[in-house]
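A.B. asks: Got a structure for you, target.cif, holding mmCIF, C-alpha atoms.
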data_data
loop_
_atom_site.group_PDB
_atom_site.id
_atom_site.type_symbol
_atom_site.label_atom_id
_atom_site.label_comp_id
_atom_site.auth_asym_id
_atom_site.auth_seq_id
_atom_site.Cartn_x
_atom_site.Cartn_y
_atom_site.Cartn_z
ATOM 1 C CA MET V 128 0.000 0.000 0.000
ATOM 2 C CA THR V 129 1.315 3.417 -0.969
ATOM 3 C CA ASP V 130 1.765 6.142 1.658
ATOM 4 C CA ASP V 131 0.194 8.653 -0.741
ATOM 5 C CA LEU V 132 -3.449 9.481 -0.004
ATOM 6 C CA ARG V 133 -5.891 7.986 -2.472
ATOM 7 C CA CYS V 134 -9.587 7.184 -2.643
ATOM 8 C CA THR V 135 -11.208 4.227 -4.388
ATOM 9 C CA VAL V 136 -14.917 4.493 -5.203
ATOM 10 C CA LEU V 137 -16.707 1.347 -3.997
ATOM 11 C CA GLY V 138 -20.061 2.747 -5.035
ATOM 12 C CA SER V 139 -21.821 6.044 -5.684
ATOM 13 C CA ALA V 140 -25.450 5.188 -6.512
ATOM 14 C CA SER V 141 -28.502 6.825 -4.925
ATOM 15 C CA PRO V 142 -30.884 5.894 -3.356
ATOM 16 C CA TYR V 143 -30.377 2.172 -4.032
ATOM 17 C CA PRO V 144 -27.749 0.149 -5.896
ATOM 18 C CA GLN V 145 -27.614 0.065 -9.667
ATOM 19 C CA ALA V 146 -26.308 -2.855 -11.701
ATOM 20 C CA GLY V 147 -22.550 -2.539 -11.294
ATOM 21 C CA ASN V 148 -22.743 0.397 -8.894
ATOM 22 C CA PRO V 149 -23.352 -0.038 -5.137
ATOM 23 C CA CYS V 150 -24.531 2.806 -2.942
ATOM 24 C CA SER V 151 -22.173 5.236 -1.216
ATOM 25 C CA GLY V 152 -18.844 3.822 -0.065
ATOM 26 C CA TYR V 153 -15.161 4.646 -0.465
ATOM 27 C CA LEU V 154 -11.858 3.071 0.500
ATOM 28 C CA VAL V 155 -9.432 5.796 1.601
ATOM 29 C CA GLU V 156 -5.806 4.702 1.857
ATOM 30 C CA GLY V 157 -2.686 6.590 2.843
ATOM 31 C CA ALA V 158 -0.017 7.003 5.500
ATOM 32 C CA GLY V 159 -0.107 3.247 6.085
ATOM 33 C CA THR V 160 -3.829 3.394 6.939
ATOM 34 C CA ARG V 161 -7.031 2.004 5.415
ATOM 35 C CA LEU V 162 -10.388 3.647 6.098
ATOM 36 C CA TRP V 163 -13.838 2.553 4.900
ATOM 37 C CA LEU V 164 -15.785 5.763 4.351
ATOM 38 C CA ASP V 165 -19.547 5.045 4.379
ATOM 39 C CA ALA V 166 -20.840 1.487 4.037
ATOM 40 C CA GLY V 167 -23.820 1.731 1.716
ATOM 41 C CA SER V 168 -25.668 -1.206 0.194
ATOM 42 C CA GLY V 169 -23.335 -3.404 -1.859
ATOM 43 C CA THR V 170 -20.085 -1.745 -0.860
ATOM 44 C CA LEU V 171 -18.788 -4.597 1.300
ATOM 45 C CA GLY V 172 -18.357 -6.875 -1.695
ATOM 46 C CA ALA V 173 -16.545 -4.108 -3.555
ATOM 47 C CA LEU V 174 -14.342 -3.476 -0.516
ATOM 48 C CA ARG V 175 -13.326 -7.135 -0.353
ATOM 49 C CA ALA V 176 -11.940 -6.886 -3.884
ATOM 50 C CA HIS V 177 -9.247 -4.663 -2.354
ATOM 51 C CA ILE V 178 -8.731 -5.699 1.288
ATOM 52 C CA ARG V 179 -9.956 -8.045 3.987
ATOM 53 C CA LEU V 180 -12.136 -6.728 6.772
ATOM 54 C CA ASP V 181 -9.403 -7.403 9.321
ATOM 55 C CA GLN V 182 -7.064 -5.097 7.372
ATOM 56 C CA LEU V 183 -9.250 -2.071 8.059
ATOM 57 C CA ASP V 184 -7.920 0.531 10.482
ATOM 58 C CA GLY V 185 -11.285 2.215 10.823
ATOM 59 C CA ILE V 186 -14.767 2.867 9.454
ATOM 60 C CA TRP V 187 -16.437 6.293 9.277
ATOM 61 C CA ILE V 188 -20.189 6.669 8.669
ATOM 62 C CA SER V 189 -21.794 9.960 7.642
ATOM 63 C CA HIS V 190 -25.392 9.197 8.713
ATOM 64 C CA LEU V 191 -27.820 6.367 9.329
ATOM 65 C CA HIS V 192 -29.733 6.195 6.053
ATOM 66 C CA ALA V 193 -29.444 2.668 4.665
ATOM 67 C CA ASP V 194 -27.686 3.714 1.467
ATOM 68 C CA HIS V 195 -24.759 4.860 3.624
ATOM 69 C CA CYS V 196 -24.594 2.311 6.426
ATOM 70 C CA SER V 197 -26.499 -0.919 5.715
ATOM 71 C CA ASP V 198 -23.432 -3.021 4.854
ATOM 72 C CA LEU V 199 -22.279 -2.636 8.454
ATOM 73 C CA LEU V 200 -24.814 -5.362 9.189
ATOM 74 C CA THR V 201 -23.142 -7.933 6.958
ATOM 75 C CA ALA V 202 -19.702 -6.663 8.000
ATOM 76 C CA TYR V 203 -20.668 -7.554 11.575
ATOM 77 C CA TYR V 204 -21.228 -11.178 10.569
ATOM 78 C CA GLY V 205 -18.008 -11.183 8.576
ATOM 79 C CA LEU V 206 -15.971 -9.833 11.466
ATOM 80 C CA LEU V 207 -17.320 -12.234 14.096
ATOM 81 C CA TYR V 208 -18.538 -15.386 12.400
ATOM 82 C CA ALA V 209 -16.642 -15.922 9.150
ATOM 83 C CA ASP V 210 -13.047 -16.317 7.964
ATOM 84 C CA VAL V 211 -11.682 -13.183 9.662
ATOM 85 C CA GLU V 212 -9.182 -13.305 12.511
ATOM 86 C CA LEU V 213 -10.095 -10.157 14.425
ATOM 87 C CA ALA V 214 -7.398 -9.039 16.868
ATOM 88 C CA ALA V 215 -9.566 -6.230 18.242
ATOM 89 C CA PRO V 216 -12.863 -4.538 17.342
ATOM 90 C CA VAL V 217 -12.600 -2.234 14.328
ATOM 91 C CA PRO V 218 -12.928 1.468 15.256
ATOM 92 C CA LEU V 219 -16.296 2.685 13.970
ATOM 93 C CA PHE V 220 -17.001 6.422 13.899
ATOM 94 C CA GLY V 221 -20.628 7.369 13.355
ATOM 95 C CA PRO V 222 -23.604 9.468 14.430
ATOM 96 C CA PRO V 223 -25.044 9.227 17.934
ATOM 97 C CA GLY V 224 -27.065 6.061 18.423
ATOM 98 C CA ILE V 225 -25.286 4.020 15.754
ATOM 99 C CA ALA V 226 -24.512 1.078 18.059
ATOM 100 C CA ASP V 227 -28.095 0.718 19.261
ATOM 101 C CA ARG V 228 -29.391 1.065 15.697
ATOM 102 C CA LEU V 229 -27.191 -1.828 14.577
ATOM 103 C CA ALA V 230 -28.077 -3.897 17.628
ATOM 104 C CA GLY V 231 -31.780 -3.289 17.064
ATOM 105 C CA PHE V 232 -31.554 -4.935 13.668
ATOM 106 C CA LEU V 233 -29.094 -7.682 14.548
ATOM 107 C CA THR V 234 -30.621 -8.869 17.843
ATOM 108 C CA ASN V 235 -32.843 -11.929 17.359
ATOM 109 C CA GLY V 236 -33.497 -12.994 20.944
ATOM 110 C CA PRO V 237 -33.462 -11.805 24.546
ATOM 111 C CA ARG V 238 -29.706 -11.102 24.479
ATOM 112 C CA ARG V 239 -28.497 -7.979 22.684
ATOM 113 C CA SER V 240 -26.200 -8.834 19.790
ATOM 114 C CA PRO V 241 -22.566 -8.095 20.729
ATOM 115 C CA VAL V 242 -22.083 -5.166 18.356
ATOM 116 C CA GLU V 243 -19.144 -3.919 20.413
ATOM 117 C CA ASP V 244 -17.277 -7.205 19.852
ATOM 118 C CA ALA V 245 -17.059 -6.304 16.174
ATOM 119 C CA PHE V 246 -16.881 -2.508 16.363
ATOM 120 C CA GLN V 247 -15.196 -0.091 18.757
ATOM 121 C CA VAL V 248 -17.922 2.535 18.501
ATOM 122 C CA VAL V 249 -17.077 6.242 18.716
ATOM 123 C CA GLU V 250 -19.956 8.686 18.345
ATOM 124 C CA VAL V 251 -18.991 11.771 16.365
ATOM 125 C CA ARG V 252 -20.216 15.294 16.921
ATOM 126 C CA ASP V 253 -19.676 18.677 15.292
ATOM 127 C CA HIS V 254 -15.944 19.513 15.198
ATOM 128 C CA HIS V 255 -15.045 15.978 16.317
ATOM 129 C CA ARG V 256 -11.389 15.112 15.684
ATOM 130 C CA ALA V 257 -9.780 11.697 15.636
ATOM 131 C CA LEU V 258 -6.545 10.074 14.539
ATOM 132 C CA VAL V 259 -6.830 6.740 12.730
ATOM 133 C CA GLY V 260 -3.364 5.435 12.022
ATOM 134 C CA GLY V 261 -1.701 8.137 9.959
ATOM 135 C CA LEU V 262 -4.972 9.838 8.976
ATOM 136 C CA ALA V 263 -6.468 12.807 10.837
ATOM 137 C CA LEU V 264 -10.269 13.002 10.648
ATOM 138 C CA THR V 265 -12.334 16.116 11.305
ATOM 139 C CA SER V 266 -16.127 15.746 11.275
ATOM 140 C CA ARG V 267 -18.668 18.546 10.871
ATOM 141 C CA ALA V 268 -22.438 18.465 11.286
ATOM 142 C CA VAL V 269 -24.110 19.181 7.935
ATOM 143 C CA ALA V 270 -27.642 19.946 6.690
ATOM 144 C CA HIS V 271 -29.505 16.715 5.922
ATOM 145 C CA GLY V 272 -32.599 16.962 8.103
ATOM 146 C CA MET V 273 -31.192 14.432 10.579
ATOM 147 C CA PRO V 274 -27.886 13.908 12.403
ATOM 148 C CA ALA V 275 -25.417 13.825 9.519
ATOM 149 C CA PHE V 276 -21.754 14.670 9.072
ATOM 150 C CA GLY V 277 -19.122 15.478 6.514
ATOM 151 C CA VAL V 278 -15.470 14.656 7.078
ATOM 152 C CA ARG V 279 -12.038 15.956 6.161
ATOM 153 C CA VAL V 280 -9.256 13.372 5.918
ATOM 154 C CA GLU V 281 -5.688 14.694 6.125
ATOM 155 C CA THR V 282 -2.143 13.369 6.176
ATOM 156 C CA GLU V 283 0.986 14.886 7.673
ATOM 157 C CA ASP V 284 2.219 15.928 4.229
ATOM 158 C CA GLY V 285 -0.849 18.140 3.755
ATOM 159 C CA ALA V 286 -2.960 15.883 1.520
ATOM 160 C CA SER V 287 -6.623 16.631 2.187
ATOM 161 C CA LEU V 288 -9.842 14.986 1.061
ATOM 162 C CA ALA V 289 -13.175 16.493 2.084
ATOM 163 C CA TYR V 290 -16.325 14.362 1.813
ATOM 164 C CA SER V 291 -19.774 15.915 2.046
ATOM 165 C CA GLY V 292 -21.771 12.873 3.094
ATOM 166 C CA ASP V 293 -25.372 13.829 2.273
ATOM 167 C CA THR V 294 -26.141 17.499 2.747
ATOM 168 C CA ALA V 295 -27.658 20.622 1.336
ATOM 169 C CA PRO V 296 -25.169 23.448 0.771
ATOM 170 C CA CYS V 297 -24.051 24.786 4.145
ATOM 171 C CA GLU V 298 -21.252 26.804 5.727
ATOM 172 C CA ALA V 299 -20.021 23.792 7.686
ATOM 173 C CA LEU V 300 -19.233 21.927 4.461
ATOM 174 C CA THR V 301 -17.392 24.809 2.805
ATOM 175 C CA ALA V 302 -15.398 25.373 6.004
ATOM 176 C CA LEU V 303 -14.572 21.659 6.148
ATOM 177 C CA ALA V 304 -13.422 21.723 2.518
ATOM 178 C CA ASP V 305 -11.418 24.943 2.787
ATOM 179 C CA ASP V 306 -8.447 24.774 0.390
ATOM 180 C CA CYS V 307 -8.698 20.964 0.190
ATOM 181 C CA ALA V 308 -7.024 19.032 -2.622
ATOM 182 C CA VAL V 309 -10.230 17.119 -3.439
ATOM 183 C CA LEU V 310 -13.864 17.734 -2.539
ATOM 184 C CA LEU V 311 -15.975 14.603 -2.930
ATOM 185 C CA CYS V 312 -19.430 16.150 -3.015
ATOM 186 C CA GLU V 313 -22.889 14.680 -3.435
ATOM 187 C CA ALA V 314 -25.096 16.014 -6.238
ATOM 188 C CA ASP V 315 -28.343 14.130 -5.735
ATOM 189 C CA TYR V 316 -30.881 16.723 -6.814
ATOM 190 C CA ALA V 317 -31.615 17.251 -10.485
ATOM 191 C CA HIS V 318 -33.485 20.408 -9.437
ATOM 192 C CA THR V 319 -33.818 22.393 -6.225
ATOM 193 C CA PRO V 320 -36.914 21.444 -4.202
ATOM 194 C CA GLN V 321 -40.066 23.528 -4.259
ATOM 195 C CA ALA V 322 -40.331 26.533 -1.969
ATOM 196 C CA GLY V 323 -41.237 25.482 1.549
ATOM 197 C CA THR V 324 -39.558 22.075 1.202
ATOM 198 C CA GLU V 325 -36.413 21.568 3.224
ATOM 199 C CA ALA V 326 -33.361 21.049 1.033
ATOM 200 C CA VAL V 327 -31.238 18.059 2.076
ATOM 201 C CA HIS V 328 -29.022 17.571 -1.003
ATOM 202 C CA HIS V 329 -26.972 19.515 -3.571
ATOM 203 C CA THR V 330 -27.748 20.028 -7.226
ATOM 204 C CA PRO V 331 -24.701 19.722 -9.515
ATOM 205 C CA GLU V 332 -24.571 23.510 -9.762
ATOM 206 C CA GLN V 333 -24.584 23.810 -5.992
ATOM 207 C CA ALA V 334 -21.786 21.244 -5.757
ATOM 208 C CA GLY V 335 -19.789 23.457 -8.092
ATOM 209 C CA THR V 336 -20.549 26.503 -5.960
ATOM 210 C CA SER V 337 -19.537 24.687 -2.759
ATOM 211 C CA ALA V 338 -16.224 23.723 -4.359
ATOM 212 C CA ALA V 339 -15.633 27.273 -5.575
ATOM 213 C CA VAL V 340 -16.471 28.888 -2.225
ATOM 214 C CA ALA V 341 -14.234 26.400 -0.407
ATOM 215 C CA GLY V 342 -11.347 26.970 -2.802
ATOM 216 C CA ALA V 343 -11.123 23.215 -3.464
ATOM 217 C CA GLN V 344 -8.490 22.267 -6.005
ATOM 218 C CA ARG V 345 -10.612 19.518 -7.562
ATOM 219 C CA LEU V 346 -14.263 18.455 -7.439
ATOM 220 C CA VAL V 347 -15.521 14.883 -7.690
ATOM 221 C CA VAL V 348 -19.323 14.624 -7.863
ATOM 222 C CA THR V 349 -20.983 11.556 -6.378
ATOM 223 C CA HIS V 350 -24.336 10.208 -5.105
ATOM 224 C CA LEU V 351 -26.166 11.330 -8.249
ATOM 225 C CA GLY V 352 -29.930 11.062 -8.271
ATOM 226 C CA PRO V 353 -31.494 8.542 -10.672
ATOM 227 C CA SER V 354 -32.455 11.209 -13.218
ATOM 228 C CA LEU V 355 -28.925 12.623 -13.493
ATOM 229 C CA SER V 356 -26.301 11.178 -15.824
ATOM 230 C CA PRO V 357 -22.628 11.507 -14.881
ATOM 231 C CA ALA V 358 -21.938 13.631 -17.974
ATOM 232 C CA GLU V 359 -24.787 16.010 -17.181
ATOM 233 C CA ALA V 360 -23.747 16.341 -13.542
ATOM 234 C CA VAL V 361 -20.123 17.085 -14.438
ATOM 235 C CA THR V 362 -21.142 19.653 -17.059
ATOM 236 C CA ARG V 363 -23.597 21.412 -14.771
ATOM 237 C CA ALA V 364 -21.155 21.521 -11.848
ATOM 238 C CA GLY V 365 -18.577 23.047 -14.186
ATOM 239 C CA THR V 366 -20.811 26.058 -14.838
ATOM 240 C CA ARG V 367 -20.164 27.190 -11.233
ATOM 241 C CA TYR V 368 -16.605 25.982 -10.710
ATOM 242 C CA ASP V 369 -13.499 26.674 -12.791
ATOM 243 C CA GLY V 370 -11.389 23.763 -11.543
ATOM 244 C CA PRO V 371 -11.382 20.157 -12.765
ATOM 245 C CA VAL V 372 -14.647 18.272 -12.248
ATOM 246 C CA GLU V 373 -14.952 14.484 -12.367
ATOM 247 C CA TYR V 374 -17.487 11.787 -11.577
ATOM 248 C CA ALA V 375 -17.039 9.174 -8.835
ATOM 249 C CA ALA V 376 -17.324 6.195 -11.159
ATOM 250 C CA PRO V 377 -17.483 2.857 -9.304
ATOM 251 C CA GLY V 378 -14.085 1.164 -9.209
ATOM 252 C CA ARG V 379 -12.162 4.336 -9.921
ATOM 253 C CA THR V 380 -9.194 5.332 -7.773
ATOM 254 C CA PHE V 381 -8.088 8.952 -7.649
ATOM 255 C CA GLY V 382 -5.043 10.392 -5.950
ATOM 256 C CA VAL V 383 -5.130 13.185 -3.389
ATOM 257 C CA PRO V 384 -1.894 15.188 -3.612
ATOM 258 C CA GLY V 385 -0.111 16.675 -0.636
ATOM 259 C CA LYS V 386 0.990 20.275 -0.461
ATOM 260 C CA PRO V 387 4.359 21.135 -2.046
ATOM 261 C CA GLY V 388 7.020 20.814 0.611
ATOM 262 C CA GLY V 389 4.591 19.050 2.941
#
Could you render the structure as structure tokens?
C.D. replies:
Amino acid sequence: MTDDLRCTVLGSASPYPQAGNPCSGYLVEGAGTRLWLDAGSGTLGALRAHIRLDQLDGIWISHLHADHCSDLLTAYYGLLYADVELAAPVPLFGPPGIADRLAGFLTNGPRRSPVEDAFQVVEVRDHHRALVGGLALTSRAVAHGMPAFGVRVETEDGASLAYSGDTAPCEALTALADDCAVLLCEADYAHTPQAGTEAVHHTPEQAGTSAAVAGAQRLVVTHLGPSLSPAEAVTRAGTRYDGPVEYAAPGRTFGVPGKPGG
């Protein structure tokens, strides 16, 4: 594994998997560390094409909608009851209540399923900071109509990846992505919602604006709604952002450069 920061797209579909494209999930690698970023439907199989579960240094979950966390359920069985030799529970960073949510689904009798045997659960909050191996994680609460977070992943050499999770445009996201090398930003909405309806996602144009306001060096759009094609989303985001814009195609790996002299 290279020490350079890189991100492999395990899936980017919304709101349910497409043929050949699982829901939201990313493998972030760098500084000798492997992080599973969101565990949406179908991403565990894609993850296993790259690493074993017992090679993970941590898991980070943006929010508790199924298209971002449901493969934690099958990961639990893999970690405890399959071919994995687990030396210690895998650190799992997620919204408040994540352990009880998992246990509520997994428990099939009077005894609560031992979620904590598989996962070392850490509940995140706004401005939460953590060190996972050689990766520094900063989480910010974002605007998704429920407890939801974006994250900034950084290395000592100044490489920085900001991930929106699911959110409407908000100051917390642009602050999180300030001067980052790559902003991985959702663009679920084909159109802004009607007046009086709470916005909980970006349009492609808004993703471009968020990248521009943050001063991100590169924008990767992901989590596209079913009526948006990758080409359309990239083109529309580019009307609001002058930097390079790409699509988070499943299976693609993109590098996250460090700062010169970092």
A.B. asks: Taking into account all atoms listed in the file, which residue in the set V:Pro384, V:Ala375, V:Pro331, V:Thr319 is nearest to Gln344 (chain V)?
C.D. replies: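 Checking each of V:Pro384, V:Ala375, V:Pro331, V:Thr319 against Gln344 (chain V), counting all atoms listed in the file, the winner is V:Pro384.
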A.B. asks: Kindly indicate which residue among V:Gly277, V:Gly378, V:Gly167, V:Gly370 lies nearest to Gly342 (chain V), using only C-alpha atoms for the distances.
C.D. replies: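 Distance minimum relative to Gly342 (chain V) lands on V:Gly370.
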A.B. asks: Here is a test: counting only C-alpha atoms, which residue of V:Ala322, V:Leu264, V:Leu207, V:Ala193 is nearest to Pro144 (chain V)?
C.D. replies: V:Ala193
A.B. asks: Taking the file as shown, what set of residues would the PyMOL selection byres ((chain V and resi 160) around 9) give back, as an NGL selection string?
C.D. replies: :V and (128 or 130 or 155-159 or 161-162 or 183-185 or 259-262)
A.B. asks: Between CA of Ala343 (chain V) and CA of Ser151 (chain V), what distance in Å does the model show, to one decimal?
C.D. replies: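 Computing the Euclidean distance for CA of Ala343 (chain V) and CA of Ser151 (chain V) yields 21.2 Å.
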A.B. asks: Just the number, please: distance in Å from CA of Ser266 (chain V) to CA of Tyr368 (chain V), one decimal.
C.D. replies: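 Atom-to-atom, CA of Ser266 (chain V) and CA of Tyr368 (chain V) are spaced 24.3 Å apart.
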A.B. asks: Under the rule that only C-alpha atoms are counted, which of V:Ala257, V:Val327, V:Leu132, V:Ala215 is the nearest residue to Val269 (chain V)?
C.D. replies: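 Of V:Ala257, V:Val327, V:Leu132, V:Ala215, the one nearest Val269 (chain V) is V:Val327, counting only C-alpha atoms.
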